[in-house]
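K.L.:
Sharing coords-v8.txt below, compact mmCIF, C-alpha atoms:
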```
# COMPACT_ATOMS: atom_id res chain seq x y z
CA MET A 1 14.79 -40.74 -227.71
CA LYS A 2 12.70 -39.29 -230.52
CA LEU A 3 10.63 -36.18 -229.75
CA GLU A 4 7.84 -37.22 -232.10
CA SER A 5 4.71 -39.34 -232.10
CA TYR A 6 5.25 -43.08 -232.25
CA TRP A 7 2.00 -43.38 -234.21
CA THR A 8 3.00 -41.05 -237.04
CA ASP A 9 6.65 -42.15 -237.08
CA SER A 10 5.71 -45.82 -237.48
CA ALA A 11 2.91 -45.26 -240.04
CA PRO A 12 3.20 -45.40 -243.83
CA ALA A 13 3.97 -42.08 -245.48
CA PHE A 14 1.14 -40.00 -246.91
CA ALA A 15 2.07 -37.69 -249.76
CA GLY A 16 -1.12 -35.62 -249.96
CA ALA A 17 -2.36 -33.87 -253.07
CA ASP A 18 0.21 -32.72 -255.61
CA THR A 19 -2.34 -30.76 -257.64
CA PRO A 20 -3.38 -27.09 -257.33
CA LEU A 21 -6.47 -26.17 -255.39
CA PRO A 22 -9.69 -26.31 -257.42
CA LYS A 23 -11.63 -23.21 -258.38
CA ARG A 24 -14.75 -24.53 -256.67
CA ALA A 25 -15.77 -27.40 -254.41
CA ASP A 26 -18.98 -28.61 -252.88
CA VAL A 27 -17.35 -28.89 -249.45
CA ALA A 28 -14.16 -27.48 -247.91
CA ILE A 29 -12.97 -29.09 -244.67
CA VAL A 30 -10.61 -27.24 -242.35
CA GLY A 31 -8.49 -29.85 -240.58
CA GLY A 32 -6.93 -33.14 -241.66
CA GLY A 33 -7.54 -35.10 -238.49
CA PHE A 34 -10.09 -37.84 -237.92
CA THR A 35 -13.14 -35.53 -238.06
CA GLY A 36 -12.08 -33.99 -241.35
CA LEU A 37 -10.96 -37.26 -242.96
CA SER A 38 -14.09 -39.11 -241.86
CA ALA A 39 -16.29 -36.31 -243.19
CA ALA A 40 -14.33 -36.29 -246.46
CA LEU A 41 -14.89 -40.03 -246.86
CA ALA A 42 -18.63 -39.68 -246.22
CA PHE A 43 -19.02 -36.76 -248.64
CA ALA A 44 -16.92 -38.38 -251.35
CA LYS A 45 -18.96 -41.58 -251.12
CA ARG A 46 -22.01 -39.46 -251.95
CA GLY A 47 -20.30 -38.02 -255.00
CA ALA A 48 -19.61 -34.55 -253.61
CA SER A 49 -16.43 -32.71 -254.55
CA VAL A 50 -14.60 -32.28 -251.24
CA VAL A 51 -11.28 -30.65 -250.35
CA VAL A 52 -9.50 -31.26 -247.01
CA LEU A 53 -7.10 -28.51 -245.91
CA GLU A 54 -4.52 -29.40 -243.27
CA ALA A 55 -2.04 -26.79 -242.04
CA GLY A 56 0.61 -29.38 -241.23
CA ALA A 57 0.98 -33.11 -241.72
CA LEU A 58 -1.91 -35.54 -242.02
CA ALA A 59 -3.29 -36.24 -238.52
CA GLY A 60 -0.36 -34.23 -237.20
CA GLU A 61 -2.27 -32.77 -234.27
CA ALA A 62 -4.55 -34.55 -231.76
CA SER A 63 -5.52 -37.42 -234.08
CA GLY A 64 -1.93 -38.58 -234.35
CA ARG A 65 -0.65 -37.48 -230.95
CA ASN A 66 -2.93 -39.32 -228.50
CA GLY A 67 -2.62 -42.47 -226.40
CA GLY A 68 -4.07 -44.90 -228.95
CA HIS A 69 -7.32 -45.53 -227.04
CA VAL A 70 -10.76 -45.91 -228.67
CA ASN A 71 -12.80 -45.79 -225.48
CA ASN A 72 -16.52 -45.50 -225.03
CA GLY A 73 -17.99 -43.68 -222.06
CA LEU A 74 -18.30 -39.97 -221.34
CA ALA A 75 -15.46 -37.67 -220.35
CA VAL A 76 -17.51 -36.76 -217.26
CA ASP A 77 -19.17 -38.85 -214.58
CA TYR A 78 -22.41 -40.33 -215.93
CA ALA A 79 -24.39 -40.09 -212.67
CA ALA A 80 -23.42 -36.46 -212.07
CA LEU A 81 -24.34 -35.59 -215.66
CA ALA A 82 -27.69 -37.40 -215.39
CA ASP A 83 -28.50 -35.46 -212.23
CA LYS A 84 -27.68 -32.23 -214.04
CA VAL A 85 -29.34 -32.69 -217.47
CA GLY A 86 -31.75 -35.57 -216.87
CA ARG A 87 -31.34 -39.31 -217.33
CA ASP A 88 -32.69 -39.46 -220.89
CA GLN A 89 -30.26 -36.86 -222.21
CA ALA A 90 -27.30 -38.30 -220.32
CA ARG A 91 -28.12 -41.78 -221.61
CA ALA A 92 -28.35 -40.51 -225.17
CA TRP A 93 -24.94 -38.88 -224.92
CA TYR A 94 -23.41 -41.98 -223.29
CA HIS A 95 -24.75 -44.18 -226.06
CA ALA A 96 -23.40 -41.75 -228.65
CA TYR A 97 -19.95 -42.88 -227.51
CA ASP A 98 -20.99 -46.52 -227.92
CA ASP A 99 -22.08 -45.65 -231.45
CA ALA A 100 -18.77 -43.87 -232.01
CA VAL A 101 -16.68 -46.93 -231.16
CA ASP A 102 -18.93 -48.98 -233.46
CA THR A 103 -18.33 -46.41 -236.20
CA VAL A 104 -14.56 -46.82 -235.94
CA ALA A 105 -14.92 -50.62 -236.08
CA ARG A 106 -17.17 -50.35 -239.14
CA VAL A 107 -14.86 -47.99 -241.01
CA VAL A 108 -11.85 -50.21 -240.29
CA GLU A 109 -13.70 -53.25 -241.64
CA GLU A 110 -15.38 -51.61 -244.64
CA GLU A 111 -12.24 -49.85 -245.86
CA GLY A 112 -9.84 -52.67 -244.97
CA ILE A 113 -7.60 -50.45 -242.80
CA ALA A 114 -4.66 -52.34 -241.27
CA CYS A 115 -4.36 -50.49 -237.96
CA ASP A 116 -4.28 -53.26 -235.30
CA PHE A 117 -7.83 -52.47 -234.17
CA ALA A 118 -8.66 -54.62 -231.14
CA ARG A 119 -11.69 -54.47 -228.87
CA ASN A 120 -10.11 -55.57 -225.58
CA GLY A 121 -12.03 -53.23 -223.27
CA LYS A 122 -10.98 -50.43 -220.91
CA LEU A 123 -10.16 -50.80 -217.23
CA LYS A 124 -10.58 -47.59 -215.21
CA LEU A 125 -8.26 -47.93 -212.21
CA ALA A 126 -8.94 -46.46 -208.78
CA ALA A 127 -5.76 -44.79 -207.53
CA ARG A 128 -6.99 -44.52 -203.93
CA PRO A 129 -9.55 -46.28 -201.72
CA ALA A 130 -11.77 -43.18 -201.80
CA HIS A 131 -11.69 -43.27 -205.59
CA PHE A 132 -12.81 -46.90 -205.59
CA ASP A 133 -15.63 -46.01 -203.19
CA ALA A 134 -16.75 -43.40 -205.72
CA LEU A 135 -16.63 -45.97 -208.54
CA VAL A 136 -18.74 -48.33 -206.43
CA ARG A 137 -21.33 -45.61 -205.79
CA GLY A 138 -21.74 -44.92 -209.50
CA PHE A 139 -21.54 -48.52 -210.62
CA GLU A 140 -25.18 -49.56 -210.15
CA ARG A 141 -26.53 -46.53 -212.02
CA LEU A 142 -24.07 -47.08 -214.83
CA LYS A 143 -24.96 -50.77 -215.07
CA ASN A 144 -28.73 -50.34 -214.71
CA GLU A 145 -29.20 -47.25 -216.85
CA VAL A 146 -26.65 -47.33 -219.69
CA ASP A 147 -24.20 -50.27 -219.78
CA PRO A 148 -25.35 -53.68 -218.52
CA ASP A 149 -21.99 -55.24 -219.43
CA VAL A 150 -19.90 -53.03 -217.13
CA GLU A 151 -18.09 -54.91 -214.33
CA LEU A 152 -16.76 -53.85 -210.95
CA VAL A 153 -13.25 -55.23 -210.36
CA ASP A 154 -11.76 -55.56 -206.87
CA ALA A 155 -8.13 -54.95 -205.95
CA ALA A 156 -7.11 -58.61 -206.22
CA ALA A 157 -8.59 -58.93 -209.70
CA VAL A 158 -6.89 -55.69 -210.76
CA ARG A 159 -3.51 -57.14 -209.73
CA ASP A 160 -4.22 -60.13 -211.99
CA GLU A 161 -4.63 -57.66 -214.87
CA VAL A 162 -2.07 -54.97 -214.05
CA ALA A 163 1.33 -55.83 -212.57
CA SER A 164 1.30 -52.88 -210.16
CA GLU A 165 0.50 -52.43 -206.47
CA ARG A 166 -0.84 -48.89 -206.96
CA TYR A 167 -4.52 -49.58 -207.68
CA CYS A 168 -7.40 -50.36 -205.33
CA GLY A 169 -9.93 -51.70 -207.82
CA GLY A 170 -11.63 -50.49 -210.96
CA ILE A 171 -14.44 -50.65 -213.49
CA LEU A 172 -14.18 -52.71 -216.66
CA ILE A 173 -15.93 -51.28 -219.73
CA LYS A 174 -15.95 -53.98 -222.37
CA LYS A 175 -16.95 -52.04 -225.49
CA SER A 176 -13.73 -50.00 -225.59
CA ALA A 177 -10.99 -50.63 -228.12
CA GLN A 178 -7.54 -49.53 -229.30
CA MET A 179 -5.68 -49.10 -232.58
CA HIS A 180 -2.58 -47.69 -234.26
CA MET A 181 -3.54 -44.07 -234.82
CA GLY A 182 -1.07 -43.29 -237.60
CA ARG A 183 -1.99 -46.32 -239.68
CA PHE A 184 -5.67 -45.60 -239.21
CA ALA A 185 -5.19 -41.99 -240.33
CA VAL A 186 -3.37 -42.98 -243.52
CA GLY A 187 -5.91 -45.71 -244.22
CA LEU A 188 -8.80 -43.31 -243.70
CA ALA A 189 -7.18 -40.72 -245.98
CA ASP A 190 -6.45 -43.31 -248.66
CA ALA A 191 -10.09 -44.44 -248.54
CA ALA A 192 -11.30 -40.85 -248.99
CA LEU A 193 -8.92 -40.40 -251.93
CA ARG A 194 -10.24 -43.57 -253.59
CA TYR A 195 -13.72 -42.06 -253.64
CA GLY A 196 -12.46 -38.80 -255.12
CA ALA A 197 -11.71 -36.52 -252.15
CA ARG A 198 -8.72 -34.19 -252.36
CA ILE A 199 -6.44 -33.78 -249.36
CA HIS A 200 -3.97 -30.89 -249.19
CA THR A 201 -1.43 -31.03 -246.36
CA ASN A 202 0.80 -28.09 -245.38
CA THR A 203 -2.01 -25.78 -246.50
CA THR A 204 -3.14 -23.30 -243.84
CA VAL A 205 -6.59 -21.74 -244.01
CA THR A 206 -5.96 -18.06 -243.30
CA ARG A 207 -9.47 -16.65 -243.74
CA LEU A 208 -13.02 -17.69 -244.54
CA GLU A 209 -15.01 -15.07 -246.42
CA ARG A 210 -18.77 -15.54 -246.55
CA ARG A 211 -20.33 -15.24 -250.03
CA ARG A 212 -23.89 -14.35 -249.11
CA SER A 213 -24.96 -13.88 -252.73
CA GLU A 214 -24.22 -17.54 -253.43
CA GLY A 215 -26.09 -19.10 -250.51
CA MET A 216 -26.12 -19.03 -246.73
CA HIS A 217 -23.25 -21.54 -246.40
CA ALA A 218 -21.07 -20.47 -249.36
CA HIS A 219 -17.58 -19.17 -248.56
CA ARG A 220 -14.43 -18.03 -250.27
CA VAL A 221 -11.67 -20.10 -248.69
CA HIS A 222 -8.34 -18.29 -248.46
CA THR A 223 -5.30 -20.51 -247.84
CA SER A 224 -1.52 -20.33 -247.93
CA ALA A 225 -1.69 -22.06 -251.34
CA GLY A 226 -4.39 -19.88 -252.90
CA SER A 227 -8.15 -19.36 -252.72
CA PHE A 228 -11.25 -21.16 -253.95
CA ASP A 229 -15.02 -21.12 -253.47
CA ALA A 230 -16.93 -23.74 -251.49
CA ALA A 231 -20.67 -24.23 -251.21
CA GLN A 232 -20.21 -25.49 -247.62
CA VAL A 233 -17.39 -25.38 -245.05
CA LEU A 234 -16.77 -27.68 -242.09
CA VAL A 235 -14.43 -26.44 -239.35
CA ALA A 236 -12.79 -29.54 -237.88
CA SER A 237 -9.58 -28.07 -236.53
CA GLY A 238 -9.87 -28.83 -232.80
CA ALA A 239 -7.48 -26.90 -230.57
CA THR A 240 -5.16 -25.94 -233.41
CA ARG A 241 -3.39 -22.60 -233.25
CA HIS A 242 -3.03 -22.38 -237.04
CA GLY A 243 -4.93 -19.75 -239.02
CA GLY A 244 -6.11 -16.26 -238.12
CA PHE A 245 -7.85 -15.47 -234.83
CA GLY A 246 -10.37 -13.34 -236.72
CA THR A 247 -11.78 -16.36 -238.56
CA PHE A 248 -11.45 -18.94 -235.78
CA GLY A 249 -11.64 -16.72 -232.71
CA TRP A 250 -15.22 -17.68 -231.82
CA TRP A 251 -14.17 -21.32 -231.35
CA ARG A 252 -10.87 -20.50 -229.67
CA ARG A 253 -12.69 -18.52 -226.97
CA ARG A 254 -14.66 -21.66 -226.15
CA ILE A 255 -11.86 -24.23 -226.19
CA VAL A 256 -8.93 -24.49 -223.81
CA PRO A 257 -5.93 -26.21 -225.44
CA VAL A 258 -4.49 -28.41 -222.67
CA GLY A 259 -1.23 -30.25 -223.20
CA SER A 260 -1.18 -34.01 -222.79
CA PHE A 261 2.12 -35.86 -222.97
CA ILE A 262 3.19 -39.41 -223.78
CA VAL A 263 6.27 -41.61 -223.60
CA VAL A 264 6.75 -44.95 -225.33
CA THR A 265 9.25 -47.50 -224.09
CA ALA A 266 11.65 -49.61 -226.05
CA PRO A 267 10.14 -53.04 -226.93
CA LEU A 268 9.68 -55.11 -223.78
CA GLY A 269 9.56 -58.49 -225.48
CA ALA A 270 6.52 -60.76 -225.56
CA GLU A 271 7.14 -62.46 -222.20
CA ARG A 272 7.70 -59.28 -220.25
CA ALA A 273 4.72 -57.53 -221.88
CA ALA A 274 2.45 -60.48 -221.07
CA ALA A 275 3.52 -60.36 -217.43
CA LEU A 276 2.88 -56.60 -217.26
CA LEU A 277 -0.58 -56.31 -218.86
CA PRO A 278 -1.79 -59.79 -219.84
CA ARG A 279 -5.24 -58.70 -221.08
CA ARG A 280 -3.78 -55.91 -223.24
CA ARG A 281 -6.64 -53.50 -222.51
CA THR A 282 -6.58 -49.73 -222.43
CA TYR A 283 -6.09 -48.39 -218.90
CA THR A 284 -6.89 -45.03 -217.32
CA THR A 285 -6.56 -43.88 -213.72
CA THR A 286 -8.93 -41.85 -211.57
CA GLU A 287 -6.76 -38.91 -210.49
CA ASN A 288 -7.54 -35.44 -211.78
CA ILE A 289 -3.99 -35.38 -213.18
CA HIS A 290 -4.30 -38.95 -214.31
CA ASN A 291 -2.32 -41.42 -216.37
CA TYR A 292 -3.33 -43.70 -219.21
CA PHE A 293 -1.44 -46.60 -220.74
CA ARG A 294 -1.56 -49.62 -223.04
CA LEU A 295 0.70 -51.99 -224.93
CA THR A 296 1.45 -51.81 -228.66
CA PRO A 297 1.49 -54.86 -230.95
CA ASP A 298 5.32 -54.74 -230.89
CA ASN A 299 5.19 -54.90 -227.07
CA ARG A 300 6.06 -51.34 -226.13
CA LEU A 301 4.32 -49.59 -223.24
CA VAL A 302 2.57 -46.34 -224.19
CA PHE A 303 2.27 -44.25 -221.00
CA GLY A 304 0.69 -40.79 -220.98
CA GLY A 305 -0.86 -38.11 -218.85
CA ARG A 306 -1.13 -34.40 -218.13
CA ALA A 307 2.36 -34.34 -216.53
CA ARG A 308 2.42 -30.50 -216.67
CA PHE A 309 -0.29 -27.95 -217.42
CA ALA A 310 1.65 -26.52 -220.33
CA ILE A 311 1.40 -26.17 -224.11
CA SER A 312 3.26 -28.75 -226.16
CA SER A 313 6.63 -27.80 -227.68
CA PRO A 314 9.89 -29.77 -228.02
CA GLN A 315 11.31 -28.27 -224.81
CA SER A 316 8.01 -28.67 -222.93
CA ASP A 317 7.59 -32.23 -224.21
CA LEU A 318 11.05 -33.20 -222.95
CA LYS A 319 10.36 -31.80 -219.47
CA SER A 320 7.03 -33.61 -219.38
CA GLY A 321 8.65 -36.80 -220.64
CA HIS A 322 10.99 -36.90 -217.62
CA ILE A 323 7.97 -36.45 -215.31
CA LEU A 324 6.09 -39.24 -217.09
CA GLN A 325 9.07 -41.58 -217.02
CA ALA A 326 9.24 -41.13 -213.24
CA ALA A 327 5.48 -41.82 -212.97
CA LEU A 328 5.88 -44.89 -215.16
CA VAL A 329 8.57 -46.29 -212.86
CA ARG A 330 6.47 -45.52 -209.76
CA THR A 331 3.63 -47.47 -211.36
CA PHE A 332 5.80 -50.27 -212.72
CA PRO A 333 9.10 -50.42 -210.75
CA GLN A 334 10.04 -53.55 -212.69
CA LEU A 335 10.52 -51.35 -215.79
CA ALA A 336 13.17 -49.09 -214.25
CA ASP A 337 15.78 -50.55 -216.61
CA VAL A 338 13.71 -49.99 -219.78
CA GLY A 339 14.62 -47.13 -222.08
CA ILE A 340 12.27 -44.54 -223.56
CA ASP A 341 12.24 -44.48 -227.37
CA TYR A 342 9.57 -41.81 -227.99
CA CYS A 343 8.32 -38.72 -226.18
CA TRP A 344 5.81 -36.19 -227.46
CA GLY A 345 2.97 -33.89 -226.51
CA GLY A 346 -0.25 -32.70 -228.05
CA LEU A 347 -3.17 -30.40 -227.41
CA VAL A 348 -6.47 -31.65 -226.04
CA ASP A 349 -9.36 -29.41 -227.12
CA MET A 350 -11.19 -29.09 -223.80
CA SER A 351 -14.61 -27.53 -223.59
CA ARG A 352 -15.58 -26.05 -220.22
CA ASP A 353 -18.01 -28.88 -219.42
CA ARG A 354 -15.99 -31.57 -221.28
CA LEU A 355 -18.81 -32.25 -223.75
CA PRO A 356 -18.25 -32.00 -227.52
CA ARG A 357 -19.87 -29.30 -229.61
CA ALA A 358 -21.13 -29.55 -233.17
CA GLY A 359 -23.50 -27.49 -235.28
CA GLU A 360 -23.59 -24.39 -237.46
CA ARG A 361 -22.67 -20.75 -236.81
CA ASP A 362 -22.85 -17.89 -239.32
CA GLY A 363 -22.97 -20.30 -242.22
CA LEU A 364 -20.03 -22.41 -241.02
CA PHE A 365 -20.46 -25.95 -239.77
CA TYR A 366 -18.20 -27.28 -237.01
CA SER A 367 -17.46 -30.28 -234.80
CA LEU A 368 -14.81 -30.09 -232.05
CA GLY A 369 -14.27 -29.85 -228.29
CA TYR A 370 -13.89 -33.61 -227.75
CA SER A 371 -12.11 -33.06 -224.42
CA GLY A 372 -9.76 -36.02 -224.41
CA HIS A 373 -12.27 -38.57 -225.71
CA GLY A 374 -11.86 -37.63 -229.34
CA THR A 375 -10.56 -40.66 -231.22
CA GLN A 376 -13.89 -42.42 -231.55
CA MET A 377 -16.13 -39.34 -231.43
CA SER A 378 -14.15 -37.47 -234.09
CA VAL A 379 -14.47 -40.37 -236.53
CA HIS A 380 -18.15 -40.68 -235.70
CA MET A 381 -18.88 -36.96 -235.97
CA GLY A 382 -17.19 -36.66 -239.36
CA GLY A 383 -19.86 -38.93 -240.81
CA ILE A 384 -22.58 -37.31 -238.72
CA MET A 385 -21.67 -33.82 -239.94
CA ALA A 386 -21.89 -35.03 -243.53
CA GLU A 387 -25.49 -35.99 -242.74
CA VAL A 388 -26.16 -32.69 -240.97
CA MET A 389 -24.76 -30.69 -243.88
CA ASN A 390 -26.93 -32.75 -246.21
CA GLY A 391 -30.01 -31.57 -244.32
CA ASN A 392 -30.44 -34.09 -241.48
CA ARG A 393 -29.91 -31.80 -238.49
CA ALA A 394 -31.43 -34.36 -236.10
CA ALA A 395 -28.48 -36.71 -236.69
CA ASN A 396 -26.28 -34.49 -234.49
CA PRO A 397 -26.32 -35.74 -230.86
CA TRP A 398 -24.83 -32.43 -229.64
CA ARG A 399 -27.33 -30.08 -231.36
CA ASP A 400 -28.72 -27.14 -229.39
CA LEU A 401 -26.16 -27.53 -226.60
CA PRO A 402 -25.31 -24.02 -225.33
CA TRP A 403 -21.68 -22.99 -225.69
CA PRO A 404 -20.79 -19.74 -223.91
CA ALA A 405 -17.30 -18.28 -224.19
CA ILE A 406 -14.84 -18.95 -221.35
CA PRO A 407 -14.48 -15.69 -219.38
CA GLY A 408 -11.08 -14.05 -219.84
CA HIS A 409 -10.00 -16.49 -222.56
CA PHE A 410 -8.95 -14.50 -225.62
CA GLY A 411 -5.67 -16.12 -226.65
CA PRO A 412 -3.03 -18.35 -225.05
CA PRO A 413 -4.46 -20.04 -221.93
CA TRP A 414 -2.67 -17.95 -219.30
CA PHE A 415 -4.64 -19.61 -216.52
CA LEU A 416 -3.33 -23.17 -217.04
CA PRO A 417 -0.69 -23.09 -214.26
CA ALA A 418 -3.36 -22.10 -211.72
CA VAL A 419 -5.65 -24.86 -212.99
CA GLY A 420 -2.83 -27.35 -212.68
CA LEU A 421 -2.10 -26.29 -209.09
CA TYR A 422 -5.80 -26.65 -208.21
CA TYR A 423 -6.00 -30.22 -209.56
CA ARG A 424 -2.72 -31.24 -207.92
CA LEU A 425 -4.09 -30.07 -204.57
CA LYS A 426 -7.32 -32.01 -205.18
CA ASP A 427 -5.34 -35.17 -205.94
CA LYS A 428 -3.41 -34.78 -202.68
CA LEU A 429 -6.50 -34.15 -200.57
CA VAL A 430 -8.97 -36.66 -202.01
```
Mind converting the file's structure to structure tokens?
P.N.:
Amino acid sequence: MKLESYWTDSAPAFAGADTPLPKRADVAIVGGGFTGLSAALAFAKRGASVVVLEAGALAGEASGRNGGHVNNGLAVDYAALADKVGRDQARAWYHAYDDAVDTVARVVEEEGIACDFARNGKLKLAARPAHFDALVRGFERLKNEVDPDVELVDAAAVRDEVASERYCGGILIKKSAQMHMGRFAVGLADAALRYGARIHTNTTVTRLERRRSEGMHAHRVHTSAGSFDAAQVLVASGATRHGGFGTFGWWRRRIVPVGSFIVVTAPLGAERAAALLPRRRTYTTTENIHNYFRLTPDNRLVFGGRARFAISSPQSDLKSGHILQAALVRTFPQLADVGIDYCWGGLVDMSRDRLPRAGERDGLFYSLGYSGHGTQMSVHMGGIMAEVMNGNRAANPWRDLPWPAIPGHFGPPWFLPAVGLYYRLKDKLV
């Protein structure tokens, strides 16, 4: 069993830049995930000189360590959000995710990225009768206000789609998609390079020094490979722990890095895969500590979830992998004989209200806090932030959204075990 991401291990290699850093650039981007690469592509297409700085490998953090889903829909309940912020605002945010999935599809087509993109829809599975009752209660508002194509699926229909007795029904959201994350990342990076962007992997940004005499957004960018000046800087580093707290502390106080863990089986074979998940959708469950799964084109099952409220590391990933393997077998007992080929973890950059944040602070632009729904929104927001930084502030769907610091959060998330215990109790009681 490999303790690494299936997506990055099975993707083509990306060498990165083999040239020194420039003396100056129009735009410096901190983070070589989907937000940073998408922004780099958009800027380079406009003729800007752009430098992407990634502390590790290309898409080595959340962009290459997720479940392979490209799902539309909010990370929070639509009806509850509409009651809180108003229907118009909630609808706008919901449709921003529709736009985000469309953005991924467009980029894949325009740049000819071979990443097995498929729009097969997402089925949200009710783990308990009470959960299905809750889905039913929200269904009419969802259908009437934001997504007329959504379908309610009863337990019998779910069993036709998912070869498991665990689920009581669900909601089918047809706009959702899936893809090979590693191949998409390399394809996106290659496209940015073709238009003239520069991508430096294994280059940590250690400090950002504002150059007020050169303009309100100008910064001296200090990295592990040297320093250079940039007219604008985009922070697109998610829940990363790279770099100094002094430079990135404001964002780290507002994001909780929550571990999410994934196992990938050995190939099942075409016949067995077709019997397991014949529609080959993406699937998520309704528990607070939920699972998500899908098939790969080579007929492996990708099965993920919180498993443990812990930070990812090789030892932590292995412990979580054993928990996930047990959950996989509880869900699909017919796979008890199937081996696990891959196991890994990653950090989800959770905001307190599970809504993304993007804007400008002290001359630095940023987009992060995708809260587990980042694949599509990160790609979308990379292009959006290129528009914002070019003067179109109204393009940002998350503008003016307040973002207070999380009380008591100054470093490692010491409170995660208590949060995990709370959600486990909720799952047992509800």
K.L.:
Identify the residues within 7 Å of coordinate (16.8, -40.8, -228.7) (same frame as the file), considering only C-alpha atoms, and give the answer as a PyMOL selection string.
P.N.:
chain A and resi 1-2+341
K.L.:
Show which residues sit within 9 Å of Val233 of chain A, as a PyMOL selection string. Count only C-alpha atoms, and ignore same-chain residues fewer than 3 positions away.
P.N.:
chain A and resi 26-30+208+217-219+221+230+363-366
K.L.:
Any chance you could export the current selection's C-alpha atoms as a compact mmCIF listing (two decimals), in the coordinates of the input?
P.N.:
```
# COMPACT_ATOMS: atom_id res chain seq x y z
CA ASP A 26 -18.98 -28.61 -252.88
CA VAL A 27 -17.35 -28.89 -249.45
CA ALA A 28 -14.16 -27.48 -247.91
CA ILE A 29 -12.97 -29.09 -244.67
CA VAL A 30 -10.61 -27.24 -242.35
CA LEU A 208 -13.02 -17.69 -244.54
CA HIS A 217 -23.25 -21.54 -246.40
CA ALA A 218 -21.07 -20.47 -249.36
CA HIS A 219 -17.58 -19.17 -248.56
CA VAL A 221 -11.67 -20.10 -248.69
CA ALA A 230 -16.93 -23.74 -251.49
CA GLY A 363 -22.97 -20.30 -242.22
CA LEU A 364 -20.03 -22.41 -241.02
CA PHE A 365 -20.46 -25.95 -239.77
CA TYR A 366 -18.20 -27.28 -237.01
```
K.L.:
Got a sec: who's within 8 Å of segment 372-377 of chain A, counting all atoms listed in the file, leaving out chain neighbours fewer than 3 positions off, as a PyMOL selection string?
P.N.:
chain A and resi 34+63+69-72+74-75+97+100-101+103-104+348-350+380-381
K.L.:
Between atom CA of Ala197 of chain A and atom CA of Gly47 of chain A, what is the distance in Å, rounded to a tenth?
P.N.:
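About the pair atom CA of Ala197 of chain A and atom CA of Gly47 of chain A: they are 9.2 Å apart.
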K.L.:
If you measure from atom CA of Ala55 of chain A to atom CA of Gly32 of chain A, what distance in Å do you get, rounded to one decimal?
P.N.:
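Between atom CA of Ala55 of chain A and atom CA of Gly32 of chain A the gap is 8.0 Å.
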K.L.:
I need the residue nearest Gly382 of chain A from this list: A:Thr8, A:Ser237, A:Ser227, A:Ser316. Use all atoms listed in the file for the distance.
P.N.:
A:Ser237
K.L.:
For atom CA of Asn291 of chain A and atom CA of Leu37 of chain A, quote the distance in Å rounded to one decimal.
P.N.:
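For atom CA of Asn291 of chain A relative to atom CA of Leu37 of chain A, the distance reads 28.3 Å.
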K.L.:
Would you mind telling me which residue in A:Val235, A:Ile406, A:Ala15, A:Leu355 lies nearest to Thr247 of chain A when using only C-alpha atoms?
P.N.:
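Looking at the shortest contact to Thr247 of chain A, the residue is A:Val235.
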K.L.:
Return the single residue from A:Leu193, A:Leu401, A:Ala127, A:Ala42 that is closest to Gly170 of chain A, with distances computed using all atoms listed in the file.
P.N.:
A:Ala127
K.L.:
Determine, counting all atoms listed in the file, which protein, DNA and RNA residues have an atom within 12 Å of an atom of segment 149-166 of chain A; residues of the same chain fewer than 5 positions away are not included. Present the result as a short mmCIF file (atom, residue, chain, number, x, y, z; two decimals) with C-alpha atoms, in the frame of the given file.
P.N.:
```
data_model
loop_
_atom_site.label_atom_id
_atom_site.label_comp_id
_atom_site.auth_asym_id
_atom_site.auth_seq_id
_atom_site.Cartn_x
_atom_site.Cartn_y
_atom_site.Cartn_z
CA ASN A 72 -16.52 -45.50 -225.03
CA GLY A 73 -17.99 -43.68 -222.06
CA GLY A 121 -12.03 -53.23 -223.27
CA LYS A 122 -10.98 -50.43 -220.91
CA LEU A 123 -10.16 -50.80 -217.23
CA LYS A 124 -10.58 -47.59 -215.21
CA LEU A 125 -8.26 -47.93 -212.21
CA ALA A 126 -8.94 -46.46 -208.78
CA ALA A 127 -5.76 -44.79 -207.53
CA ARG A 128 -6.99 -44.52 -203.93
CA PRO A 129 -9.55 -46.28 -201.72
CA PHE A 132 -12.81 -46.90 -205.59
CA ASP A 133 -15.63 -46.01 -203.19
CA ALA A 134 -16.75 -43.40 -205.72
CA LEU A 135 -16.63 -45.97 -208.54
CA VAL A 136 -18.74 -48.33 -206.43
CA ARG A 137 -21.33 -45.61 -205.79
CA GLY A 138 -21.74 -44.92 -209.50
CA PHE A 139 -21.54 -48.52 -210.62
CA GLU A 140 -25.18 -49.56 -210.15
CA ARG A 141 -26.53 -46.53 -212.02
CA LEU A 142 -24.07 -47.08 -214.83
CA LYS A 143 -24.96 -50.77 -215.07
CA ASN A 144 -28.73 -50.34 -214.71
CA ILE A 171 -14.44 -50.65 -213.49
CA LEU A 172 -14.18 -52.71 -216.66
CA ILE A 173 -15.93 -51.28 -219.73
CA LYS A 174 -15.95 -53.98 -222.37
CA LYS A 175 -16.95 -52.04 -225.49
CA SER A 176 -13.73 -50.00 -225.59
CA ARG A 272 7.70 -59.28 -220.25
CA ALA A 273 4.72 -57.53 -221.88
CA ALA A 274 2.45 -60.48 -221.07
CA ALA A 275 3.52 -60.36 -217.43
CA LEU A 276 2.88 -56.60 -217.26
CA LEU A 277 -0.58 -56.31 -218.86
CA PRO A 278 -1.79 -59.79 -219.84
CA ARG A 279 -5.24 -58.70 -221.08
CA ARG A 280 -3.78 -55.91 -223.24
CA ARG A 281 -6.64 -53.50 -222.51
CA THR A 282 -6.58 -49.73 -222.43
CA TYR A 283 -6.09 -48.39 -218.90
CA THR A 284 -6.89 -45.03 -217.32
CA THR A 285 -6.56 -43.88 -213.72
CA THR A 286 -8.93 -41.85 -211.57
CA PHE A 293 -1.44 -46.60 -220.74
CA ARG A 294 -1.56 -49.62 -223.04
CA LEU A 295 0.70 -51.99 -224.93
CA ALA A 327 5.48 -41.82 -212.97
CA LEU A 328 5.88 -44.89 -215.16
CA VAL A 329 8.57 -46.29 -212.86
CA ARG A 330 6.47 -45.52 -209.76
CA THR A 331 3.63 -47.47 -211.36
CA PHE A 332 5.80 -50.27 -212.72
CA PRO A 333 9.10 -50.42 -210.75
CA GLN A 334 10.04 -53.55 -212.69
CA LEU A 335 10.52 -51.35 -215.79
#
```
